[in-house]
file final_31.cif (mmCIF, N, CA, C and O atoms)
data_entry
loop_
_atom_site.label_atom_id
_atom_site.label_comp_id
_atom_site.auth_asym_id
_atom_site.auth_seq_id
_atom_site.Cartn_x
_atom_site.Cartn_y
_atom_site.Cartn_z
N MET A 30 15.91 -16.35 0.98
CA MET A 30 15.64 -15.05 0.42
C MET A 30 16.93 -14.22 0.50
O MET A 30 17.64 -14.25 1.50
N ALA A 31 17.20 -13.47 -0.53
CA ALA A 31 18.39 -12.62 -0.56
C ALA A 31 18.23 -11.46 0.41
O ALA A 31 17.12 -11.01 0.69
N GLU A 32 19.34 -10.99 0.95
CA GLU A 32 19.31 -9.86 1.88
C GLU A 32 20.06 -8.69 1.28
O GLU A 32 20.98 -8.85 0.49
N VAL A 33 19.66 -7.49 1.70
CA VAL A 33 20.26 -6.26 1.22
C VAL A 33 20.68 -5.44 2.42
O VAL A 33 19.96 -5.37 3.42
N THR A 34 21.83 -4.81 2.34
CA THR A 34 22.29 -3.91 3.40
C THR A 34 22.04 -2.49 2.94
O THR A 34 22.41 -2.11 1.83
N VAL A 35 21.38 -1.71 3.81
CA VAL A 35 21.03 -0.33 3.48
C VAL A 35 21.55 0.58 4.59
O VAL A 35 21.39 0.26 5.77
N THR A 36 22.13 1.71 4.22
CA THR A 36 22.59 2.67 5.21
C THR A 36 21.52 3.74 5.38
O THR A 36 21.07 4.33 4.39
N LEU A 37 21.09 3.96 6.62
CA LEU A 37 20.06 4.95 6.92
C LEU A 37 20.55 5.89 8.01
O LEU A 37 21.40 5.52 8.83
N ASP A 38 19.96 7.07 8.06
CA ASP A 38 20.26 8.03 9.10
C ASP A 38 19.85 7.45 10.45
O ASP A 38 18.74 6.91 10.59
N ALA A 39 20.72 7.55 11.44
CA ALA A 39 20.47 6.95 12.76
C ALA A 39 19.21 7.52 13.41
O ALA A 39 18.44 6.79 14.03
N GLU A 40 18.99 8.83 13.29
CA GLU A 40 17.81 9.44 13.90
C GLU A 40 16.52 8.88 13.30
O GLU A 40 15.54 8.65 14.00
N LEU A 41 16.54 8.64 12.00
CA LEU A 41 15.39 8.08 11.32
C LEU A 41 15.10 6.67 11.84
O LEU A 41 13.95 6.33 12.15
N VAL A 42 16.13 5.88 11.97
CA VAL A 42 15.96 4.51 12.44
C VAL A 42 15.49 4.48 13.89
O VAL A 42 14.60 3.69 14.25
N VAL A 43 16.04 5.35 14.73
CA VAL A 43 15.61 5.40 16.12
C VAL A 43 14.13 5.78 16.21
O VAL A 43 13.37 5.20 16.98
N GLU A 44 13.71 6.74 15.40
CA GLU A 44 12.30 7.13 15.41
C GLU A 44 11.41 5.97 14.97
O GLU A 44 10.35 5.73 15.56
N VAL A 45 11.83 5.22 13.97
CA VAL A 45 11.07 4.05 13.52
C VAL A 45 11.01 3.01 14.64
O VAL A 45 9.96 2.41 14.89
N MET A 46 12.12 2.81 15.33
CA MET A 46 12.16 1.85 16.43
C MET A 46 11.18 2.23 17.53
O MET A 46 10.46 1.39 18.05
N VAL A 47 11.14 3.52 17.86
CA VAL A 47 10.22 3.98 18.90
C VAL A 47 8.77 3.81 18.46
O VAL A 47 7.94 3.30 19.20
N LEU A 48 8.46 4.23 17.24
CA LEU A 48 7.09 4.13 16.74
C LEU A 48 6.63 2.68 16.61
O LEU A 48 5.47 2.37 16.87
N ALA A 49 7.55 1.81 16.21
CA ALA A 49 7.19 0.40 16.03
C ALA A 49 7.23 -0.37 17.35
O ALA A 49 6.73 -1.48 17.44
N GLY A 50 7.86 0.22 18.35
CA GLY A 50 7.98 -0.46 19.64
C GLY A 50 8.91 -1.66 19.57
O GLY A 50 8.68 -2.67 20.22
N VAL A 51 9.96 -1.53 18.78
CA VAL A 51 10.89 -2.63 18.56
C VAL A 51 12.28 -2.20 19.01
O VAL A 51 12.67 -1.04 18.82
N GLY A 52 13.03 -3.11 19.57
CA GLY A 52 14.36 -2.78 20.07
C GLY A 52 15.48 -2.96 19.07
O GLY A 52 16.60 -2.54 19.30
N SER A 53 15.19 -3.60 17.95
CA SER A 53 16.21 -3.87 16.94
C SER A 53 16.00 -2.99 15.72
O SER A 53 14.89 -2.95 15.16
N PRO A 54 17.04 -2.29 15.28
CA PRO A 54 16.90 -1.46 14.07
C PRO A 54 16.49 -2.29 12.85
O PRO A 54 15.65 -1.87 12.06
N GLN A 55 17.06 -3.46 12.72
CA GLN A 55 16.73 -4.34 11.59
C GLN A 55 15.25 -4.70 11.60
O GLN A 55 14.57 -4.60 10.57
N ASP A 56 14.74 -5.11 12.75
CA ASP A 56 13.34 -5.50 12.86
C ASP A 56 12.41 -4.32 12.60
O ASP A 56 11.37 -4.46 11.96
N ALA A 57 12.78 -3.14 13.11
CA ALA A 57 11.94 -1.95 12.94
C ALA A 57 11.81 -1.59 11.47
O ALA A 57 10.70 -1.35 10.97
N VAL A 58 12.92 -1.56 10.76
CA VAL A 58 12.87 -1.19 9.34
C VAL A 58 12.13 -2.27 8.55
O VAL A 58 11.34 -1.97 7.65
N GLU A 59 12.35 -3.53 8.90
CA GLU A 59 11.63 -4.61 8.20
C GLU A 59 10.13 -4.50 8.41
O GLU A 59 9.35 -4.68 7.46
N LEU A 60 9.69 -4.16 9.62
CA LEU A 60 8.26 -3.98 9.87
C LEU A 60 7.67 -2.86 9.03
O LEU A 60 6.57 -3.00 8.47
N VAL A 61 8.40 -1.76 8.92
CA VAL A 61 7.91 -0.63 8.13
C VAL A 61 7.79 -1.03 6.66
O VAL A 61 6.78 -0.73 6.00
N VAL A 62 8.78 -1.71 6.14
CA VAL A 62 8.75 -2.11 4.73
C VAL A 62 7.61 -3.10 4.48
O VAL A 62 6.87 -2.98 3.51
N ARG A 63 7.44 -4.08 5.37
CA ARG A 63 6.36 -5.05 5.21
C ARG A 63 4.98 -4.39 5.28
O ARG A 63 4.08 -4.73 4.52
N ASP A 64 4.84 -3.41 6.19
CA ASP A 64 3.58 -2.69 6.30
C ASP A 64 3.30 -1.89 5.03
O ASP A 64 2.17 -1.86 4.54
N TYR A 65 4.32 -1.25 4.49
CA TYR A 65 4.17 -0.47 3.26
C TYR A 65 3.71 -1.37 2.11
O TYR A 65 2.80 -1.02 1.36
N ILE A 66 4.31 -2.54 2.00
CA ILE A 66 3.93 -3.47 0.94
C ILE A 66 2.50 -3.97 1.14
O ILE A 66 1.72 -4.03 0.19
N ALA A 67 2.14 -4.30 2.37
CA ALA A 67 0.78 -4.78 2.65
C ALA A 67 -0.25 -3.71 2.32
O ALA A 67 -1.30 -4.00 1.75
N ARG A 68 0.04 -2.47 2.67
CA ARG A 68 -0.89 -1.37 2.33
C ARG A 68 -1.05 -1.25 0.83
O ARG A 68 -2.14 -1.02 0.32
N GLY A 69 0.04 -1.38 0.10
CA GLY A 69 -0.04 -1.31 -1.36
C GLY A 69 -0.92 -2.40 -1.94
O GLY A 69 -1.72 -2.15 -2.84
N HIS A 70 -0.79 -3.61 -1.40
CA HIS A 70 -1.63 -4.72 -1.88
C HIS A 70 -3.10 -4.48 -1.56
O HIS A 70 -3.97 -4.78 -2.37
N ARG A 71 -3.38 -3.94 -0.35
CA ARG A 71 -4.77 -3.66 0.00
C ARG A 71 -5.35 -2.59 -0.92
O ARG A 71 -6.48 -2.69 -1.38
N THR A 72 -4.55 -1.57 -1.22
CA THR A 72 -5.01 -0.50 -2.12
C THR A 72 -5.27 -1.05 -3.51
O THR A 72 -6.27 -0.73 -4.14
N GLU A 73 -4.37 -1.90 -4.01
CA GLU A 73 -4.55 -2.50 -5.32
C GLU A 73 -5.85 -3.30 -5.37
O GLU A 73 -6.58 -3.25 -6.35
N THR A 74 -6.11 -4.05 -4.32
CA THR A 74 -7.32 -4.87 -4.27
C THR A 74 -8.56 -4.00 -4.32
O THR A 74 -9.49 -4.27 -5.07
N ARG A 75 -8.58 -2.92 -3.52
CA ARG A 75 -9.76 -2.05 -3.51
C ARG A 75 -9.96 -1.35 -4.84
O ARG A 75 -11.07 -1.29 -5.37
N THR A 76 -8.90 -0.80 -5.42
CA THR A 76 -9.05 -0.07 -6.68
C THR A 76 -9.34 -1.01 -7.83
O THR A 76 -10.06 -0.65 -8.76
N GLU A 77 -8.82 -2.21 -7.78
CA GLU A 77 -9.10 -3.18 -8.85
C GLU A 77 -10.58 -3.53 -8.87
O GLU A 77 -11.19 -3.59 -9.92
N LEU A 78 -11.16 -3.76 -7.69
CA LEU A 78 -12.58 -4.09 -7.64
C LEU A 78 -13.43 -2.92 -8.12
O LEU A 78 -14.39 -3.11 -8.86
N THR A 79 -13.06 -1.71 -7.75
CA THR A 79 -13.80 -0.53 -8.19
C THR A 79 -13.70 -0.37 -9.69
O THR A 79 -14.70 -0.14 -10.38
N ASP A 80 -12.48 -0.51 -10.23
CA ASP A 80 -12.29 -0.39 -11.67
C ASP A 80 -13.07 -1.46 -12.42
O ASP A 80 -13.68 -1.19 -13.45
N ARG A 81 -13.05 -2.67 -11.90
CA ARG A 81 -13.76 -3.77 -12.56
C ARG A 81 -15.26 -3.50 -12.56
O ARG A 81 -15.93 -3.69 -13.56
N ASN A 82 -15.78 -3.03 -11.42
CA ASN A 82 -17.21 -2.73 -11.34
C ASN A 82 -17.60 -1.61 -12.29
O ASN A 82 -18.66 -1.64 -12.89
N LEU A 83 -16.75 -0.61 -12.41
CA LEU A 83 -17.05 0.50 -13.33
C LEU A 83 -17.06 0.03 -14.77
O LEU A 83 -17.87 0.49 -15.57
N ARG A 84 -16.18 -0.89 -15.10
CA ARG A 84 -16.13 -1.40 -16.47
C ARG A 84 -17.32 -2.29 -16.79
O ARG A 84 -17.77 -2.35 -17.92
N GLU A 85 -17.84 -2.99 -15.79
CA GLU A 85 -18.94 -3.93 -16.01
C GLU A 85 -20.29 -3.24 -16.14
O GLU A 85 -21.22 -3.80 -16.67
N VAL A 86 -20.40 -2.02 -15.67
CA VAL A 86 -21.67 -1.30 -15.73
C VAL A 86 -21.94 -0.91 -17.18
O VAL A 86 -21.09 -0.35 -17.86
N ASP A 87 -23.13 -1.24 -17.65
CA ASP A 87 -23.52 -0.87 -19.00
C ASP A 87 -24.39 0.38 -18.90
O ASP A 87 -25.58 0.28 -18.58
N PRO A 88 -23.82 1.55 -19.16
CA PRO A 88 -24.61 2.77 -18.99
C PRO A 88 -25.76 2.85 -19.99
O PRO A 88 -25.65 2.47 -21.14
N LYS A 89 -26.89 3.33 -19.49
CA LYS A 89 -28.05 3.50 -20.35
C LYS A 89 -27.88 4.79 -21.16
O LYS A 89 -27.37 5.78 -20.65
N PRO A 90 -28.31 4.78 -22.39
CA PRO A 90 -28.22 6.02 -23.17
C PRO A 90 -29.10 7.11 -22.53
O PRO A 90 -30.19 6.83 -22.04
N GLN A 91 -28.59 8.31 -22.55
CA GLN A 91 -29.37 9.41 -21.98
C GLN A 91 -30.43 9.87 -22.97
O GLN A 91 -30.23 9.86 -24.18
N GLU A 92 -31.57 10.23 -22.39
CA GLU A 92 -32.64 10.76 -23.24
C GLU A 92 -32.30 12.17 -23.66
O GLU A 92 -31.66 12.92 -22.92
N PRO A 93 -32.72 12.56 -24.86
CA PRO A 93 -32.43 13.92 -25.30
C PRO A 93 -33.06 14.95 -24.37
O PRO A 93 -34.18 14.77 -23.86
N GLN A 94 -32.34 15.99 -24.11
CA GLN A 94 -32.85 17.05 -23.23
C GLN A 94 -33.15 18.27 -24.05
O GLN A 94 -32.51 18.56 -25.03
N GLY A 95 -34.11 19.00 -23.61
CA GLY A 95 -34.29 20.26 -24.28
C GLY A 95 -35.63 20.49 -24.77
O GLY A 95 -36.17 21.19 -25.43
#

call {"tool": "encode", "arguments": {"input": "final_31.cif", "output": "structure tokens"}}
result
Amino acid sequence: MAEVTVTLDAELVVEVMVLAGVGSPQDAVELVVRDYIARGHRTETRTELTDRNLREVDPKPQEPQG
């Protein structure tokens, strides 16, 4: 897999390291990125099922009111 070098603010990276409980800046940032991607996939899965279910419902015509 190809690698990319990114420059980040040191305070930001230290905060990520503390929150992730990781001693390596590289590992901490990688964990955050992987978590972000996983959350996106979970969201896509949930919304896709909802959208599919909404499309499959055949609404009944409403009776005239009045």

call {"tool": "resolve_selection", "arguments": {"input": "final_31.cif", "expression": "the PyMOL selection byres (((chain A and resi 44-46 and name CA) around 12) and name CA)", "output": "ChimeraX atom specification"}}
result
/A:37-43,47-62

call {"tool": "axis_aligned_box", "arguments": {"input": "final_31.cif", "around": "segment 31-34 of chain A", "padding_each_side": "6 Å", "output": "AutoDock Vina command-line options"}}
result
--center_x 19.8 --center_y -7.8 --center_z 1.4 --size_x 17.3 --size_y 23.4 --size_z 16.0

call {"tool": "atom_distance", "arguments": {"input": "final_31.cif", "atom1": "atom CA of Val35 of chain A", "atom2": "atom CA of Arg63 of chain A"}}
result
15.5 Å
